[in-house]
$ cat work_14.cif   # mmCIF, C-alpha atoms
data_model
loop_
_atom_site.label_atom_id
_atom_site.label_comp_id
_atom_site.auth_asym_id
_atom_site.auth_seq_id
_atom_site.Cartn_x
_atom_site.Cartn_y
_atom_site.Cartn_z
CA MET J 1 -202.26 -150.52 26.31
CA THR J 2 -200.76 -153.90 27.27
CA ASN J 3 -200.15 -154.83 23.65
CA GLU J 4 -198.66 -151.41 23.00
CA ALA J 5 -196.34 -151.74 26.02
CA GLN J 6 -195.35 -155.22 24.91
CA SER J 7 -194.56 -153.93 21.46
CA ILE J 8 -192.44 -151.07 22.86
CA ARG J 9 -190.58 -153.53 25.07
CA ARG J 10 -189.85 -155.82 22.13
CA ILE J 11 -188.64 -153.01 19.92
CA SER J 12 -186.55 -151.53 22.74
CA VAL J 13 -184.92 -154.89 23.47
CA ALA J 14 -184.25 -155.42 19.76
CA VAL J 15 -182.63 -151.98 19.51
CA LEU J 16 -180.56 -152.59 22.63
CA LEU J 17 -179.35 -155.98 21.41
CA THR J 18 -178.54 -154.55 17.98
CA CYS J 19 -176.55 -151.73 19.58
CA LEU J 20 -174.76 -154.21 21.79
CA ALA J 21 -173.89 -156.47 18.86
CA LEU J 22 -172.73 -153.54 16.73
CA SER J 23 -170.56 -152.14 19.53
CA LEU J 24 -169.08 -155.55 20.25
CA ILE J 25 -168.17 -156.03 16.60
CA CYS J 26 -166.60 -152.54 16.52
CA VAL J 27 -164.35 -153.36 19.46
CA VAL J 28 -163.70 -157.08 19.22
CA TYR J 29 -163.26 -157.66 15.47
CA PRO J 30 -160.34 -155.23 14.90
CA PHE J 31 -158.76 -156.39 18.16
CA TYR J 32 -159.08 -160.01 17.05
CA VAL J 33 -157.67 -159.40 13.56
CA ILE J 34 -154.97 -156.85 14.37
CA ARG J 35 -153.16 -158.40 17.26
CA PRO J 36 -149.39 -158.71 17.30
CA PHE J 37 -148.69 -162.44 17.13
CA ARG J 38 -151.32 -163.39 14.59
CA ALA J 39 -150.97 -163.38 10.81
CA GLN J 40 -153.27 -160.86 9.11
CA GLY J 41 -154.95 -161.81 5.84
CA ALA J 42 -155.43 -159.00 3.32
CA ARG J 43 -159.23 -159.11 3.30
CA GLU J 44 -159.76 -159.38 7.04
CA LEU J 45 -157.25 -156.60 7.62
CA ALA J 46 -159.03 -154.36 5.13
CA ALA J 47 -162.35 -155.11 6.85
CA ALA J 48 -160.88 -154.45 10.30
CA LEU J 49 -159.47 -151.09 9.15
CA VAL J 50 -162.85 -150.08 7.76
CA VAL J 51 -164.42 -150.95 11.10
CA MET J 52 -161.74 -148.92 12.90
CA ARG J 53 -162.34 -145.93 10.67
CA PHE J 54 -166.07 -145.81 11.29
CA ARG J 55 -166.38 -147.23 14.78
CA SER J 56 -166.26 -143.90 16.62
CA ALA J 57 -169.30 -142.69 14.71
CA ALA J 58 -170.98 -146.11 14.78
CA THR J 59 -170.61 -146.54 18.54
CA PHE J 60 -171.74 -142.94 19.13
CA ILE J 61 -174.95 -143.71 17.25
CA ALA J 62 -175.23 -147.02 19.14
CA VAL J 63 -174.98 -145.21 22.48
CA ALA J 64 -177.64 -142.68 21.48
CA ALA J 65 -179.95 -145.43 20.22
CA ALA J 66 -179.33 -147.65 23.27
CA LEU J 67 -180.10 -144.82 25.69
CA ALA J 68 -183.26 -143.90 23.81
CA ALA J 69 -184.33 -147.56 23.80
CA LEU J 70 -183.59 -147.77 27.51
CA VAL J 71 -185.87 -144.79 28.24
CA PHE J 72 -188.71 -146.36 26.28
CA TYR J 73 -188.12 -149.72 27.90
CA TRP J 74 -188.22 -148.26 31.42
CA ARG J 75 -191.56 -146.64 30.68
CA ALA J 76 -193.01 -149.87 29.30
CA GLN J 77 -191.43 -152.37 31.69
CA PRO J 78 -192.59 -152.36 35.31
CA ARG J 79 -190.34 -155.22 36.51
CA ARG J 80 -187.23 -153.90 38.20
CA TRP J 81 -184.87 -156.78 37.42
CA ARG J 82 -185.69 -156.53 33.73
CA ARG J 83 -185.10 -152.80 33.91
CA ALA J 84 -181.77 -153.55 35.58
CA PHE J 85 -180.81 -155.92 32.75
CA ALA J 86 -181.68 -153.31 30.16
CA THR J 87 -179.69 -150.67 32.05
CA ALA J 88 -176.70 -153.00 32.26
CA GLY J 89 -176.97 -153.62 28.52
CA ALA J 90 -177.04 -149.89 27.76
CA ALA J 91 -174.11 -149.32 30.14
CA PHE J 92 -172.16 -152.03 28.34
CA VAL J 93 -172.80 -150.24 25.02
CA CYS J 94 -171.38 -147.05 26.59
CA ILE J 95 -168.32 -148.93 27.87
CA LEU J 96 -167.74 -150.45 24.42
CA ALA J 97 -168.05 -146.98 22.86
CA ALA J 98 -165.33 -145.75 25.21
CA LEU J 99 -163.14 -148.77 24.39
CA ALA J 100 -163.62 -148.10 20.67
CA ARG J 101 -161.82 -144.79 21.22
CA VAL J 102 -158.79 -146.36 22.88
CA ASN J 103 -155.69 -146.91 20.76
CA ILE J 104 -154.21 -149.96 22.43
CA TYR J 105 -150.98 -149.63 20.43
CA GLU J 106 -150.40 -146.17 21.80
CA MET J 107 -151.01 -147.51 25.28
CA MET J 108 -148.28 -150.06 24.68
CA PHE J 109 -145.83 -147.76 22.87
CA HIS J 110 -146.49 -144.28 24.11
CA PRO J 111 -146.25 -141.58 21.44
CA ASP J 112 -143.55 -138.96 21.83
CA ASP J 113 -145.65 -135.98 20.80
CA ARG J 114 -143.08 -133.43 21.91
CA PRO J 115 -139.74 -134.84 20.84
CA SER J 116 -136.72 -132.93 22.09
CA PHE J 117 -133.32 -132.73 20.50
CA ALA J 118 -129.81 -131.89 21.66
CA ALA J 119 -126.52 -131.22 19.92
CA ALA J 120 -124.59 -134.34 18.97
CA SER J 121 -121.65 -133.10 21.05
CA ARG J 122 -123.85 -133.01 24.18
CA THR J 123 -125.47 -136.42 23.59
CA LYS J 124 -124.18 -139.34 25.60
CA LEU J 125 -124.46 -142.35 23.33
CA ASP J 126 -121.98 -145.14 22.79
CA LYS J 127 -120.13 -144.87 19.50
CA ASP J 128 -121.60 -148.18 18.36
CA GLU J 129 -125.22 -147.28 19.11
CA LYS J 130 -127.26 -147.38 15.95
CA VAL J 131 -129.14 -144.34 14.75
CA ILE J 132 -131.41 -143.50 11.85
CA ALA J 133 -129.75 -140.50 10.24
CA VAL J 134 -131.34 -137.94 7.96
CA LYS J 135 -129.99 -134.80 6.35
CA ILE J 136 -132.17 -132.16 4.72
CA GLY J 137 -130.55 -129.04 3.37
CA GLY J 138 -127.87 -128.24 5.90
CA ALA J 139 -129.65 -129.82 8.87
CA ALA J 140 -128.71 -133.29 10.11
CA ARG J 141 -130.57 -135.29 12.71
CA ALA J 142 -130.16 -138.71 14.29
CA TYR J 143 -132.80 -140.88 15.94
CA PRO J 144 -131.31 -143.51 18.27
CA ILE J 145 -132.84 -146.88 17.45
CA ARG J 146 -133.21 -147.93 21.08
CA ASN J 147 -135.50 -144.90 21.51
CA ILE J 148 -137.39 -144.97 18.22
CA SER J 149 -137.89 -148.73 18.40
CA TYR J 150 -140.07 -147.97 21.44
CA HIS J 151 -142.08 -145.00 20.17
CA HIS J 152 -141.93 -146.25 16.55
CA VAL J 153 -143.19 -142.95 15.14
CA ILE J 154 -141.64 -139.49 15.56
CA ASN J 155 -143.34 -136.56 13.84
CA ASP J 156 -140.67 -134.00 13.18
CA VAL J 157 -139.73 -130.93 11.17
CA LEU J 158 -136.21 -130.58 9.85
CA ASP J 159 -135.09 -127.56 7.84
CA LYS J 160 -138.78 -126.63 7.47
CA VAL J 161 -139.58 -130.02 5.93
CA ALA J 162 -142.19 -132.07 7.81
CA ILE J 163 -141.02 -135.66 8.15
CA VAL J 164 -141.98 -138.75 10.07
CA ALA J 165 -139.21 -141.00 11.33
CA THR J 166 -140.39 -144.57 11.70
CA TYR J 167 -138.85 -147.79 12.92
CA MET Z 1 -138.45 -142.04 6.62
CA TRP Z 2 -141.31 -140.22 4.98
CA GLY Z 3 -142.45 -136.70 4.31
CA ARG Z 4 -145.69 -135.61 6.00
CA ASP Z 5 -147.05 -133.16 3.45
CA VAL Z 6 -149.63 -134.92 1.26
CA ALA Z 7 -152.59 -133.64 -0.76
CA GLY Z 8 -152.15 -130.12 0.60
CA LEU Z 9 -152.24 -131.37 4.20
CA ARG Z 10 -149.56 -131.62 6.84
CA LEU Z 11 -150.22 -134.98 8.44
CA THR Z 12 -149.43 -136.08 11.99
CA PHE Z 13 -149.07 -139.80 12.49
CA HIS Z 14 -149.67 -142.17 15.35
CA LEU Z 15 -149.06 -145.87 15.68
CA ALA Z 16 -152.42 -147.51 15.07
CA GLY Z 17 -152.07 -151.19 14.33
CA ILE Z 18 -150.02 -153.93 12.83
CA ASN Z 19 -149.98 -155.86 9.58
CA ASN Z 20 -148.00 -159.06 9.88
CA GLN Z 21 -145.57 -157.41 12.30
CA ASN Z 22 -145.09 -154.29 10.21
CA PHE Z 23 -146.93 -151.47 11.83
CA LEU Z 24 -149.69 -149.24 10.56
CA MET Z 25 -149.88 -145.52 11.19
CA ARG Z 26 -153.01 -143.40 11.27
CA ASP Z 27 -152.97 -139.72 10.46
CA ASP Z 28 -154.92 -137.39 12.73
CA GLN Z 29 -156.10 -135.17 9.89
CA THR Z 30 -157.98 -137.66 7.69
CA GLY Z 31 -157.99 -140.93 9.66
CA THR Z 32 -156.20 -142.70 6.81
CA TYR Z 33 -154.11 -145.78 7.66
CA TRP Z 34 -150.58 -145.99 6.24
CA GLN Z 35 -148.17 -148.92 5.99
CA GLN Z 36 -144.87 -148.12 7.65
CA ILE Z 37 -142.53 -150.01 5.32
CA SER Z 38 -144.03 -148.74 2.08
CA GLY Z 39 -145.46 -145.33 3.03
CA LYS Z 40 -148.64 -146.30 1.17
CA ALA Z 41 -152.14 -145.41 2.32
CA VAL Z 42 -153.96 -148.71 2.73
CA SER Z 43 -157.36 -147.58 4.05
CA GLY Z 44 -159.19 -144.30 4.38
CA PRO Z 45 -159.83 -141.09 2.46
CA LEU Z 46 -156.25 -140.92 1.10
CA SER Z 47 -156.18 -144.62 0.20
CA GLY Z 48 -153.76 -145.25 -2.66
CA SER Z 49 -151.64 -142.18 -1.87
CA GLN Z 50 -147.93 -142.43 -1.28
CA LEU Z 51 -145.97 -140.50 1.34
CA PRO Z 52 -143.01 -138.63 -0.15
CA PHE Z 53 -139.78 -140.53 0.34
CA VAL Z 54 -137.02 -138.99 2.47
CA HIS Z 55 -133.58 -140.57 2.29
CA SER Z 56 -132.12 -141.87 5.55
CA ASP Z 57 -129.26 -144.09 6.67
CA GLU Z 58 -128.86 -146.52 9.54
CA LEU Z 59 -125.44 -145.75 10.98
CA ASN Z 60 -123.38 -146.16 14.12
CA PHE Z 61 -123.62 -143.01 16.22
CA GLY Z 62 -119.85 -142.50 16.15
CA THR Z 63 -119.78 -142.54 12.36
CA TRP Z 64 -122.71 -140.16 12.07
CA GLN Z 65 -121.27 -137.80 14.68
CA SER Z 66 -117.94 -137.60 12.84
CA GLU Z 67 -119.81 -136.73 9.62
CA GLU Z 68 -122.28 -134.33 11.21
CA PRO Z 69 -120.72 -132.74 14.29
CA GLN Z 70 -123.31 -129.94 14.15
CA GLY Z 71 -126.22 -132.39 13.97
CA THR Z 72 -128.90 -132.88 16.59
CA VAL Z 73 -130.07 -136.06 18.27
CA LEU Z 74 -133.48 -137.18 19.50
CA GLN Z 75 -133.41 -137.26 23.29
CA ASP Z 76 -134.93 -139.84 25.57
CA THR Z 77 -138.18 -138.92 27.28
CA ALA Z 78 -137.59 -139.43 31.01
CA GLN Z 79 -140.95 -141.03 31.76
CA TYR Z 80 -140.51 -143.71 29.10
CA ARG Z 81 -136.85 -144.46 29.67
CA PHE Z 82 -137.80 -147.76 31.33
CA GLY Z 83 -139.29 -148.97 28.06
CA TYR Z 84 -136.41 -148.18 25.73
CA ALA Z 85 -134.57 -151.04 24.12
CA ARG Z 86 -130.95 -151.96 24.51
CA LYS Z 87 -128.60 -150.91 21.77
CA ASP Z 88 -128.58 -154.41 20.22
CA TRP Z 89 -132.37 -154.32 19.79
CA ASP Z 90 -132.38 -155.67 16.24
CA VAL Z 91 -130.18 -158.62 17.21
CA ARG Z 92 -132.29 -159.41 20.29
CA MET Z 93 -135.44 -159.28 18.18
CA GLN Z 94 -134.05 -162.10 16.05
CA ARG Z 95 -135.25 -164.44 18.81
CA ALA Z 96 -138.84 -163.17 18.64
CA PRO Z 97 -141.42 -165.37 16.90
CA THR Z 98 -142.88 -164.39 13.55
CA VAL Z 99 -146.38 -164.98 12.23
CA ILE Z 100 -145.35 -165.48 8.62
CA ASP Z 101 -142.36 -167.16 7.04
CA PHE Z 102 -140.98 -167.51 3.54
CA ARG Z 103 -138.72 -170.51 3.25
CA GLU Z 104 -136.86 -169.35 0.20
CA HIS Z 105 -133.19 -168.87 -0.68
CA GLY Z 106 -132.16 -170.80 2.45
CA LEU Z 107 -133.08 -167.80 4.62
CA LYS Z 108 -134.66 -167.82 8.06
CA ALA Z 109 -137.56 -165.54 8.95
CA ARG Z 110 -135.48 -163.32 11.23
CA ASP Z 111 -132.35 -163.11 9.12
CA LEU Z 112 -131.33 -159.46 8.96
CA MET Z 113 -131.38 -158.19 5.40
CA LEU Z 114 -130.47 -154.99 3.62
CA GLY Z 115 -133.23 -154.34 1.14
CA ILE Z 116 -133.14 -152.04 -1.85
CA GLN Z 117 -136.27 -151.14 -3.75
CA ALA Z 118 -135.18 -149.01 -6.68
CA PHE Z 119 -134.94 -148.89 -10.46
CA GLY Z 120 -138.13 -150.92 -10.76
CA ALA Z 121 -136.84 -153.89 -8.79
CA SER Z 122 -136.32 -155.22 -5.28
CA ARG Z 123 -133.15 -156.89 -4.10
CA ALA Z 124 -132.12 -158.10 -0.67
CA PHE Z 125 -128.66 -158.66 0.75
CA LEU Z 126 -127.91 -160.73 3.83
CA PHE Z 127 -126.56 -158.19 6.32
CA ASP Z 128 -123.86 -160.48 7.72
CA GLN Z 129 -122.66 -161.28 4.22
CA VAL Z 130 -122.33 -157.60 3.31
CA ILE Z 131 -120.44 -156.96 6.57
CA ARG Z 132 -118.08 -159.81 5.68
CA GLU Z 133 -117.53 -158.74 2.08
CA LYS Z 134 -117.31 -155.02 3.00
CA LEU Z 135 -117.86 -153.94 -0.60
CA VAL Z 136 -120.58 -155.44 -2.80
CA GLN Z 137 -120.88 -154.52 -6.47
CA ASP Z 138 -124.16 -155.77 -7.80
CA ARG Z 139 -127.21 -154.78 -9.82
CA VAL Z 140 -130.73 -153.84 -8.76
CA GLY Z 141 -132.83 -154.36 -11.83
CA ALA Z 142 -130.53 -153.22 -14.62
CA GLU Z 143 -128.74 -150.60 -12.53
CA PRO Z 144 -125.29 -151.19 -11.01
CA VAL Z 145 -125.10 -150.47 -7.29
CA LEU Z 146 -122.44 -150.47 -4.60
CA LEU Z 147 -122.99 -151.49 -1.00
CA VAL Z 148 -120.21 -150.21 1.19
CA VAL Z 149 -119.40 -150.97 4.82
CA GLY Z 150 -118.11 -147.96 6.73
CA GLY Z 151 -114.93 -147.73 8.72
CA ASP Z 152 -116.81 -148.77 11.87
CA GLY Z 153 -117.46 -152.19 10.31
CA GLN Z 154 -121.23 -151.98 10.95
CA SER Z 155 -122.71 -149.05 9.03
CA VAL Z 156 -123.70 -149.70 5.43
CA ARG Z 157 -124.55 -147.31 2.62
CA ALA Z 158 -125.53 -147.99 -0.97
CA PHE Z 159 -124.85 -145.93 -4.05
CA ARG Z 160 -125.64 -146.03 -7.72
CA ASP Z 161 -122.43 -147.22 -9.35
CA ARG Z 162 -122.24 -144.49 -11.95
CA ILE Z 163 -119.82 -141.61 -12.29
CA PRO Z 164 -120.88 -138.75 -14.57
CA GLY Z 165 -118.84 -138.83 -17.77
CA ILE Z 166 -117.73 -142.43 -17.29
CA GLN Z 167 -119.23 -145.19 -19.44
CA GLY Z 168 -120.55 -148.24 -17.62
CA ALA Z 169 -120.14 -149.11 -13.98
CA PRO Z 170 -116.72 -148.21 -12.62
CA ASP Z 171 -114.88 -150.74 -10.49
CA PHE Z 172 -114.13 -149.82 -6.91
CA TYR Z 173 -112.05 -151.38 -4.19
CA ARG Z 174 -112.12 -150.62 -0.52
CA LYS Z 175 -109.20 -149.66 1.66
CA PRO Z 176 -109.05 -151.05 5.24
CA ASP Z 177 -110.02 -147.63 6.63
CA GLY Z 178 -113.26 -147.72 4.65
CA LEU Z 179 -112.28 -145.33 1.85
CA LEU Z 180 -113.19 -146.44 -1.65
CA VAL Z 181 -110.87 -146.12 -4.60
CA ASP Z 182 -112.14 -146.14 -8.16
CA ALA Z 183 -110.05 -148.28 -10.44
CA THR Z 184 -110.39 -145.82 -13.33
CA THR Z 185 -108.60 -142.82 -11.84
CA GLY Z 186 -107.49 -143.89 -8.37
CA SER Z 187 -109.63 -141.20 -6.75
CA ASP Z 188 -110.48 -141.72 -3.07
CA TRP Z 189 -114.17 -141.73 -2.16
CA ASN Z 190 -115.38 -141.38 1.40
CA PHE Z 191 -118.21 -143.26 3.11
CA GLN Z 192 -120.62 -140.50 2.11
CA GLY Z 193 -119.94 -141.43 -1.49
CA CYS Z 194 -117.99 -138.28 -2.35
CA ALA Z 195 -114.61 -138.17 -4.06
CA ILE Z 196 -112.11 -136.46 -1.78
CA SER Z 197 -109.08 -136.68 -4.05
CA GLY Z 198 -108.11 -137.27 -7.65
CA LYS Z 199 -109.81 -136.38 -10.88
CA PHE Z 200 -113.31 -136.74 -9.48
CA LYS Z 201 -112.74 -134.70 -6.31
CA GLY Z 202 -115.98 -133.01 -5.35
CA LEU Z 203 -118.25 -135.43 -7.20
CA CYS Z 204 -120.63 -137.58 -5.20
CA LEU Z 205 -122.26 -140.90 -6.07
CA GLU Z 206 -126.03 -140.98 -6.01
CA PRO Z 207 -127.21 -142.51 -2.71
CA VAL Z 208 -129.62 -145.42 -2.82
CA GLU Z 209 -131.95 -146.10 0.11
CA VAL Z 210 -131.19 -149.24 2.06
CA THR Z 211 -133.79 -150.71 4.40
CA LYS Z 212 -132.48 -152.90 7.16
CA ASP Z 213 -135.22 -155.40 7.79
CA TYR Z 214 -135.93 -158.98 8.72
CA TRP Z 215 -136.29 -161.37 5.83
CA PHE Z 216 -139.96 -162.23 6.52
CA ASP Z 217 -140.96 -158.56 6.52
CA TRP Z 218 -138.93 -157.56 3.49
CA ARG Z 219 -140.20 -160.55 1.50
CA ASN Z 220 -143.81 -159.97 2.56
CA PHE Z 221 -143.86 -156.45 1.16
CA ASN Z 222 -141.51 -157.18 -1.74
CA PRO Z 223 -142.83 -160.47 -3.13
CA SER Z 224 -140.73 -160.28 -6.30
CA THR Z 225 -137.47 -159.59 -4.48
CA THR Z 226 -134.32 -161.35 -5.54
CA VAL Z 227 -131.51 -162.11 -3.13
CA TYR Z 228 -127.83 -161.38 -3.65
CA GLY Z 229 -125.75 -164.54 -3.92
CA ARG Z 230 -128.78 -166.84 -3.74
CA LYS Z 231 -130.81 -168.57 -6.43
#
$ encode --input "work_14.cif" --output "structure tokens"
Amino acid sequence: MTNEAQSIRRISVAVLLTCLALSLICVVYPFYVIRPFRAQGARELAAALVVMRFRSAATFIAVAAALAALVFYWRAQPRRWRRAFATAGAAFVCILAALARVNIYEMMFHPDDRPSFAAASRTKLDKDEKVIAVKIGGAARAYPIRNISYHHVINDVLDKVAIVATY
Amino acid sequence: MWGRDVAGLRLTFHLAGINNQNFLMRDDQTGTYWQQISGKAVSGPLSGSQLPFVHSDELNFGTWQSEEPQGTVLQDTAQYRFGYARKDWDVRMQRAPTVIDFREHGLKARDLMLGIQAFGASRAFLFDQVIREKLVQDRVGAEPVLLVVGGDGQSVRAFRDRIPGIQGAPDFYRKPDGLLVDATTGSDWNFQGCAISGKFKGLCLEPVEVTKDYWFDWRNFNPSTTVYGRK
């Protein structure tokens, strides 16, 4: 029984540490590579994007595995402070999973998911304000640069054509 | 400016990252990452795909409004108004640091350029130089192009320098009010590239997309670019 408990504890700790390491990589590596005032190399950027694509699923699995390992560990580990450490580790995996779902760029430059438009004649802009102008069919639209340089991306439909204005 | 219909899907994009200070978008439908400047899918299920190109111009509001009085304008969102830039955003950004630099052609990283990627080639024009010259007749690849400064002195459009039925690239000159005149017939052409008088009245020049960009960004995504007036 003692050997079995010891074995369960070892496996549980190994699973927890693996989940922790995986979750840390999922959050920290893309953040490290894709940060604004750092040059991005082609290979590291490609790797970071792959991590970003799969990190929601990876951290979900890590959370499930960490919680399962925690349950087994609790059953096999009588010492409270060690249980507390394991619980903290599993909680950290959960926090990292939540962080992996945060788009920090959208926190900085809030998306305008419901853009609104008004007639040019009713828009108060200085004549020398710069706009990105597009015309499709008979429909013309302007995106003021001081606005779009903040949101960066505007999903729009003009004359039934779906477009994305970017700056 | 890009179209959003790709591979039978209507994509919705969000800002998702940055690649050497040019941002990356992620579409909600497939999770693919797209490069803003090129419209190319760089990672994900649609990797290698290209967003359909939609022609756009960067103009002064007054010029656009006079051309399109019935047009509509994106409105500010009240809750984010504090974050919006000032109207000279691109000039102010010239002071911001860059993470890459290409010390070529005597250009600085944040020099504002007008870039054309067309006819199998890339060519960049120093914005201030175009504003000074007001009319630039040049070639992108083998194709003759015109860069024209509008009557406001700040808006720039580019056109293919070809008139149907005319051999070669016709010569143009620019009147002080911004109208172009072709040396062949003396027809007046407006800033939209359409003849408004003379033999060619009603004809329009083919527009060419111009990307206003900083030198470091243009050069990074157009490594084989040449530069007007520079060796």
$ atom_distance --input "work_14.cif" --atom1 "CA of Leu135 in chain Z" --atom2 "CA of Phe191 in chain Z"
11.3 Å
$ atom_distance --input "work_14.cif" --atom1 "CA of Lys130 in chain J" --atom2 "CA of Glu58 in chain Z"
6.7 Å
$ resolve_selection --input "work_14.cif" --expression "the PyMOL selection byres ((chain Z and resi 61-73) around 9)" --output "PyMOL selection string"
(chain J and resi 116-121+123+125-133+135+139-144) or (chain Z and resi 59-60+74-75+150-152+155+192)
$ resolve_selection --input "work_14.cif" --expression "the PyMOL selection byres ((chain J and resi 145-155) around 10)" --output "ChimeraX atom specification"
/J:106,108-115,129-132,142-144,156-157,162-167 /Z:1-4,11-15,23,25,36,58-59,74-77,80-81,83-90
$ resolve_selection --input "work_14.cif" --expression "the PyMOL selection byres ((chain J and resi 66) around 9)" --output "list in words"
Ser12, Val15, Leu16, Leu17, Thr18, Cys19, Leu20, Ile61, Ala62, Val63, Ala64, Ala65, Leu67, Ala68, Ala69, Leu70, Val71, Gly89, Ala90, Ala91, Val93 and Cys94 of chain J
$ atom_distance --input "work_14.cif" --atom1 "CA of Val102 in chain J" --atom2 "CA of Val13 in chain J"
27.5 Å
$ axis_aligned_box --input "work_14.cif" --around "range 7-25 of chain J" --padding-each-side "8 Å" --output "JSON"
{"center_x": -181.4, "center_y": -153.8, "center_z": 20.8, "size_x": 42.4, "size_y": 21.4, "size_z": 24.5}
$ closest_residue --input "work_14.cif" --among "Z:Ile37, Z:Val99, Z:Val227, Z:Ile196" --to "chain J" --atoms "only C-alpha atoms"
Z:Val99
$ residues_around --input "work_14.cif" --residues "Leu45 in chain J" --least-positions-apart "3" --cutoff "9 Å" --atoms "all atoms listed in the file" --output "list of chain:residue names"
J:Pro30, J:Val33, J:Ile34, J:Gln40, J:Gly41, J:Ala42, J:Ala48, J:Leu49, J:Val50, Z:Asn19
$ write_last_selection --input "work_14.cif" --atoms "C-alpha atoms" --output "short mmCIF file (atom, residue, chain, number, x, y, z; two decimals), in the coordinates of the input"
data_model
loop_
_atom_site.label_atom_id
_atom_site.label_comp_id
_atom_site.auth_asym_id
_atom_site.auth_seq_id
_atom_site.Cartn_x
_atom_site.Cartn_y
_atom_site.Cartn_z
CA PRO J 30 -160.34 -155.23 14.90
CA VAL J 33 -157.67 -159.40 13.56
CA ILE J 34 -154.97 -156.85 14.37
CA GLN J 40 -153.27 -160.86 9.11
CA GLY J 41 -154.95 -161.81 5.84
CA ALA J 42 -155.43 -159.00 3.32
CA ALA J 48 -160.88 -154.45 10.30
CA LEU J 49 -159.47 -151.09 9.15
CA VAL J 50 -162.85 -150.08 7.76
CA ASN Z 19 -149.98 -155.86 9.58
#
